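Listing of my_file_34.cif; format and content: mmCIF, C-alpha atoms.
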data_coords
loop_
_atom_site.label_atom_id
_atom_site.label_comp_id
_atom_site.auth_asym_id
_atom_site.auth_seq_id
_atom_site.Cartn_x
_atom_site.Cartn_y
_atom_site.Cartn_z
CA MET X 115 82.98 105.91 82.13
CA ALA X 116 82.41 108.51 79.40
CA GLY X 117 85.18 109.64 77.05
CA MET X 118 88.69 108.19 76.90
CA ALA X 119 89.71 107.00 80.34
CA THR X 120 93.14 106.04 81.70
CA HIS X 121 93.42 102.71 83.50
CA VAL X 122 96.35 101.43 85.56
CA ILE X 123 96.28 97.62 85.48
CA THR X 124 98.34 95.00 87.31
CA GLY X 125 98.38 91.43 86.05
CA ALA X 126 97.73 92.34 82.39
CA GLY X 127 100.06 89.59 81.19
CA SER X 128 97.62 86.69 81.53
CA GLY X 129 94.21 85.48 82.64
CA ILE X 130 91.66 88.02 83.87
CA GLY X 131 94.12 90.94 83.63
CA ALA X 132 94.88 90.26 79.96
CA ALA X 133 91.16 89.93 79.17
CA VAL X 134 90.38 93.28 80.83
CA ALA X 135 93.34 95.00 79.15
CA ARG X 136 92.25 93.71 75.72
CA ARG X 137 88.70 94.93 76.28
CA LEU X 138 89.75 98.45 77.36
CA HIS X 139 92.48 98.69 74.70
CA ALA X 140 90.02 97.72 71.96
CA ARG X 141 87.69 100.57 72.86
CA GLY X 142 90.50 103.12 72.72
CA ASP X 143 91.09 103.79 76.41
CA GLU X 144 94.58 104.67 77.67
CA LEU X 145 96.40 101.84 79.44
CA VAL X 146 99.20 102.06 81.99
CA LEU X 147 100.30 98.46 82.50
CA HIS X 148 102.28 97.39 85.52
CA ALA X 149 105.28 95.15 84.81
CA ARG X 150 107.67 93.53 87.26
CA ASP X 151 110.74 94.42 85.16
CA ALA X 152 111.82 96.16 81.95
CA GLY X 153 111.74 92.95 79.88
CA ARG X 154 108.13 92.27 80.84
CA ALA X 155 107.28 95.93 80.12
CA LYS X 156 108.55 95.53 76.54
CA GLU X 157 106.41 92.42 76.05
CA LEU X 158 103.29 94.22 77.30
CA VAL X 159 103.84 97.22 75.00
CA ALA X 160 104.29 94.83 72.05
CA GLU X 161 100.97 93.20 72.96
CA PHE X 162 99.12 96.48 73.62
CA PRO X 163 100.47 99.12 71.20
CA GLY X 164 100.27 102.63 72.62
CA ALA X 165 100.15 101.44 76.23
CA ARG X 166 102.49 102.93 78.81
CA THR X 167 104.12 100.88 81.54
CA LEU X 168 104.88 101.23 85.23
CA VAL X 169 107.72 99.00 86.42
CA GLY X 170 108.14 97.69 89.97
CA ASP X 171 108.25 94.32 91.72
CA LEU X 172 105.02 93.65 93.65
CA ALA X 173 106.88 90.94 95.57
CA ASP X 174 109.02 93.68 97.15
CA PRO X 175 106.56 96.45 98.10
CA ASP X 176 109.20 98.26 100.19
CA LYS X 177 111.01 99.11 96.93
CA LEU X 178 107.97 100.34 94.96
CA SER X 179 108.36 103.91 96.21
CA TRP X 180 111.95 103.97 94.99
CA ALA X 181 111.00 102.40 91.63
CA PHE X 182 108.18 104.89 91.04
CA SER X 183 110.40 107.86 91.95
CA HIS X 184 112.49 107.02 88.85
CA GLN X 185 109.46 106.96 86.52
CA SER X 186 106.63 109.31 85.63
CA LEU X 187 103.41 108.29 87.29
CA PRO X 188 100.42 109.05 85.05
CA ASP X 189 98.93 112.55 85.54
CA ARG X 190 95.41 111.17 85.15
CA VAL X 191 94.09 107.89 86.56
CA ASP X 192 90.41 107.04 86.10
CA SER X 193 90.73 103.51 87.37
CA LEU X 194 93.25 101.38 89.22
CA LEU X 195 92.67 97.68 88.60
CA HIS X 196 94.46 95.32 91.00
CA ILE X 197 94.38 92.01 89.13
CA ALA X 198 97.87 90.51 89.70
CA GLY X 199 98.09 87.74 92.27
CA VAL X 200 100.09 84.70 93.34
CA VAL X 201 99.04 81.48 95.01
CA ASP X 202 101.00 78.85 96.98
CA LEU X 203 99.00 76.16 98.69
CA GLY X 204 99.94 73.95 101.61
CA PRO X 205 98.90 73.02 105.13
CA VAL X 206 99.69 75.44 107.96
CA GLY X 207 102.10 72.81 109.30
CA ASP X 208 104.26 73.12 106.17
CA LEU X 209 104.07 76.78 105.15
CA THR X 210 107.20 78.83 105.86
CA PRO X 211 107.34 82.57 106.58
CA LYS X 212 108.81 83.04 103.07
CA THR X 213 105.68 81.51 101.50
CA TRP X 214 103.39 83.58 103.72
CA ARG X 215 105.33 86.76 103.04
CA HIS X 216 105.39 86.33 99.26
CA GLN X 217 101.60 86.01 99.05
CA LEU X 218 100.94 88.82 101.53
CA ASN X 219 103.36 91.11 99.66
CA VAL X 220 101.97 90.53 96.16
CA ASN X 221 98.29 90.07 97.03
CA LEU X 222 97.85 92.66 99.79
CA ILE X 223 100.72 95.01 100.68
CA ALA X 224 101.66 95.90 97.08
CA PRO X 225 98.04 96.80 96.16
CA ALA X 226 97.89 99.02 99.27
CA GLU X 227 101.16 100.72 98.30
CA LEU X 228 100.17 101.18 94.65
CA THR X 229 96.85 102.66 95.79
CA ARG X 230 98.66 105.04 98.14
CA HIS X 231 100.80 106.37 95.28
CA LEU X 232 97.88 106.89 92.89
CA LEU X 233 95.22 108.18 95.31
CA PRO X 234 95.81 111.88 94.47
CA GLN X 235 95.06 111.17 90.78
CA LEU X 236 92.06 108.97 91.67
CA ARG X 237 90.60 111.70 93.88
CA ALA X 238 91.10 114.30 91.15
CA SER X 239 89.25 112.18 88.57
CA ARG X 240 86.67 110.78 91.02
CA GLY X 241 88.03 107.47 89.86
CA HIS X 242 87.52 103.81 90.62
CA VAL X 243 89.65 101.20 92.40
CA ILE X 244 88.84 97.58 91.60
CA PHE X 245 90.33 94.73 93.60
CA VAL X 246 90.11 91.31 91.98
CA ASN X 247 89.81 89.20 95.09
CA SER X 248 88.83 85.51 95.18
CA GLY X 249 86.28 83.15 96.65
CA ALA X 250 89.13 82.54 99.13
CA GLY X 251 88.69 86.12 100.31
CA LEU X 252 85.33 85.08 101.77
CA ARG X 253 86.02 81.47 102.86
CA ALA X 254 89.25 79.67 103.75
CA HIS X 255 89.59 75.94 103.07
CA ALA X 256 92.26 73.42 104.07
CA ASP X 257 95.65 74.14 102.40
CA TRP X 258 94.58 77.67 101.45
CA SER X 259 95.48 79.54 104.67
CA ALA X 260 98.18 81.94 103.41
CA TYR X 261 96.47 82.78 100.12
CA ALA X 262 93.08 83.15 101.83
CA ALA X 263 94.61 85.34 104.54
CA SER X 264 96.05 87.66 101.87
CA LYS X 265 92.66 87.83 100.14
CA HIS X 266 90.69 88.32 103.39
CA GLY X 267 93.12 91.19 104.01
CA LEU X 268 92.44 92.55 100.53
CA LYS X 269 88.72 92.65 101.35
CA ALA X 270 89.51 94.65 104.49
CA LEU X 271 91.70 97.04 102.49
CA ALA X 272 88.90 97.61 99.96
CA ASP X 273 86.22 98.07 102.64
CA SER X 274 88.30 100.63 104.56
CA LEU X 275 89.32 102.48 101.40
CA ARG X 276 85.68 102.68 100.27
CA GLU X 277 84.64 104.37 103.53
CA GLU X 278 87.66 106.67 103.58
CA GLU X 279 87.35 107.88 99.98
CA HIS X 280 83.57 107.89 99.46
CA ALA X 281 83.31 111.63 100.16
CA ALA X 282 86.05 112.25 97.56
CA GLY X 283 83.94 110.44 94.95
CA VAL X 284 86.27 107.46 94.61
CA ARG X 285 84.41 104.22 93.95
CA VAL X 286 85.79 100.92 95.29
CA THR X 287 84.74 97.47 94.08
CA SER X 288 85.81 93.99 95.18
CA VAL X 289 85.26 91.18 92.67
CA TYR X 290 85.29 87.62 94.03
CA PRO X 291 85.70 85.19 91.13
CA GLY X 292 85.38 81.48 91.66
CA ARG X 293 87.78 79.20 89.82
CA THR X 294 88.75 80.85 86.55
CA ALA X 295 90.56 79.22 83.61
CA SER X 296 94.07 80.68 83.93
CA PRO X 297 97.73 79.70 84.50
CA MET X 298 97.08 80.16 88.25
CA GLN X 299 94.26 77.61 88.09
CA ALA X 300 96.51 75.13 86.28
CA LYS X 301 99.03 75.50 89.15
CA VAL X 302 96.30 74.92 91.77
CA HIS X 303 95.22 71.73 90.00
CA ARG X 304 98.82 70.48 89.92
CA HIS X 305 99.03 71.05 93.69
CA GLU X 306 95.73 69.22 94.18
CA GLY X 307 96.88 66.35 91.96
CA LYS X 308 93.89 66.79 89.67
CA ASP X 309 93.60 66.98 85.88
CA TYR X 310 93.02 70.54 84.68
CA ASP X 311 90.11 71.05 82.27
CA PRO X 312 89.74 74.80 81.57
CA SER X 313 86.28 74.30 80.06
CA ARG X 314 84.91 73.46 83.54
CA TRP X 315 85.79 76.86 84.95
CA ILE X 316 84.91 80.52 84.38
CA ASP X 317 86.28 82.06 81.19
CA PRO X 318 88.46 85.10 82.08
CA GLU X 319 86.38 87.06 79.54
CA SER X 320 83.32 86.64 81.78
CA VAL X 321 85.14 88.12 84.76
CA ALA X 322 86.38 90.91 82.46
CA THR X 323 82.74 91.66 81.55
CA THR X 324 81.94 91.96 85.28
CA ILE X 325 84.84 94.37 85.83
CA VAL X 326 84.02 96.56 82.82
CA THR X 327 80.36 96.65 83.91
CA ALA X 328 81.41 97.98 87.33
CA LEU X 329 83.64 100.59 85.64
CA ASP X 330 80.92 101.75 83.26
CA LEU X 331 78.13 101.97 85.83
CA PRO X 332 76.61 105.47 85.93
CA ARG X 333 77.93 107.75 88.68
CA ASP X 334 74.78 107.50 90.81
CA ALA X 335 75.65 103.89 91.71
CA GLU X 336 78.59 101.80 92.85
CA ILE X 337 79.04 98.04 92.84
CA ASN X 338 80.73 97.33 96.18
CA ASP X 339 81.08 93.54 96.11
CA VAL X 340 80.30 91.07 93.35
CA THR X 341 80.78 87.29 93.48
CA VAL X 342 81.22 85.44 90.16
CA ARG X 343 80.76 81.68 90.30
CA PRO X 344 81.25 78.99 87.65
CA GLY X 345 77.98 78.70 85.73
CA ARG X 346 78.57 75.21 84.35
#
Before anything else, please render the file you have as structure tokens.
Amino acid sequence: MAGMATHVITGAGSGIGAAVARRLHARGDELVLHARDAGRAKELVAEFPGARTLVGDLADPDKLSWAFSHQSLPDRVDSLLHIAGVVDLGPVGDLTPKTWRHQLNVNLIAPAELTRHLLPQLRASRGHVIFVNSGAGLRAHADWSAYAASKHGLKALADSLREEEHAAGVRVTSVYPGRTASPMQAKVHRHEGKDYDPSRWIDPESVATTIVTALDLPRDAEINDVTVRPGR
């Protein structure tokens, strides 16, 4: 991506999102960081000086339109990076509609809604939408039904968007990381009753390298799907 680009990023507060934001910030690109509330927005701006913020609760996608109508959406968007996500594990016999809904809202419906709002800018810049999916977006294991369903849905969203926007020059990439050392992974291990050793899993920086590689690929090519597995 030549010149100074503008990136809208969800999930920049930790894990893969923070690693990507640091990488793009360090090279002088413009960042528009999504935050769930004003307090979180202040923290992100303190961490990434010069960044702008976009505030709205991904857990309540019905209200995003209202939230965005009270803020200035960026005039230029070269990439939209969907990296935020939530996970709640449990057997189908125990999961309540509330647990299902929370994961579907944050992991699937909010990315669709955010994409809808920023598509005009992405078309104008012939930009790039990157969905950080999960190995669970390709395979669903016991206790992972709701999270995996949200991520299987995210794959479908990306695949449809890619076909719809290809003629407009918008590139769409899905990244499927395996287990990555992050607060989310620590939570998964607690649920599984296992000790958490971050050194066994993928460093978020390695996933960030994959994402930046997809962004920087010359215009004659597009990475559609890339799976990143633990190398150790």
Taking the file above as input, evaluate the PyMOL selection byres ((chain X and resi 190) around 12) and report the hits as number ranges by chain. X: 118-122, 144-146, 186-189, 191-194, 232-241
For the file shown, what are the residues hit by the PyMOL selection byres ((chain X and resi 284) around 6), laid out as a list in words?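 Against this file, the PyMOL selection byres ((chain X and resi 284) around 6) returns the residues Arg240, Gly241, His242, Glu279, His280, Ala282, Gly283 and Arg285 of chain X.
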Written as a PyMOL selection string, which residues does the PyMOL selection byres ((chain X and resi 169) around 7) give for the file shown? chain X and resi 148-152+167-168+170
Proximity check region 116-167 of chain X to region 316-336 of chain X, 9 Å, nearest pairs one decimal Å, only C-alpha atoms, as a tab-separated table:
residue	atom	partner	partner_atom	distance
X:Ala116	CA	X:Asp330	CA	7.9
X:Gly129	CA	X:Pro318	CA	5.8
X:Ile130	CA	X:Pro318	CA	4.7
X:Gly131	CA	X:Ala322	CA	7.8
X:Ala132	CA	X:Pro318	CA	8.5
X:Ala133	CA	X:Glu319	CA	5.6
X:Val134	CA	X:Ala322	CA	4.9
X:Ala135	CA	X:Ala322	CA	8.7
X:Arg137	CA	X:Ala322	CA	7.7
X:Leu138	CA	X:Val326	CA	8.1
Counting only C-alpha atoms, which residue out of X:His196, X:Ile123, X:Ala281, X:Leu203 sits closest to Ala254 (chain X)?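 Checking each candidate against Ala254 (chain X), we get X:Leu203 as the closest.
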d(CA of Ile197 (chain X), CA of Gly125 (chain X)) in Å: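 Between CA of Ile197 (chain X) and CA of Gly125 (chain X) the gap is 5.1 Å.
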Could you state the separation of CA of Thr210 (chain X) and CA of Ser288 (chain X) in Å, given to one decimal place?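 Distance reported for this atom pair: 28.3 Å.
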Nearest to Leu228 (chain X), restricted to all atoms listed in the file and choosing among X:Ala260, X:Leu172, X:Leu147, X:Ala270, comes out as X:Leu172
Would you mind telling me which residue in X:Ala181, X:Asp202, X:Gly142, X:Gly127 lies nearest to Ala160 (chain X) when using only C-alpha atoms?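 Closest candidate: X:Gly127.
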For CA of Leu209 (chain X) and CA of Asp257 (chain X), the interatomic separation in Å (one decimal):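 According to the coordinates, CA of Leu209 (chain X) and CA of Asp257 (chain X) are separated by 9.2 Å.
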Hey, which of X:Pro205, X:Gly292, X:Pro344, X:Gly153 ends up closest to His255 (chain X)? Count only C-alpha atoms.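 Going through X:Pro205, X:Gly292, X:Pro344, X:Gly153 one by one, the smallest distance to His255 (chain X) is for X:Pro205.
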With all atoms listed in the file as the counted atoms, please give the residues lying no more than 8 Å from Val286 (chain X), apart from itself and same-chain residues fewer than 5 positions off, as a list of chain:residue names.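 Residues meeting the cut-off are X:His242, X:Val243, X:Ile244, X:Phe245, X:Ala272, X:Asp273, X:Leu275, X:Arg276, X:Glu336, X:Ile337, X:Asn338.
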Spatial neighbours of Thr341 (chain X), 8 Å, all atoms listed in the file, chain gap at least 6 places, as an MDAnalysis selection string: chainID X and resid 249 289:292
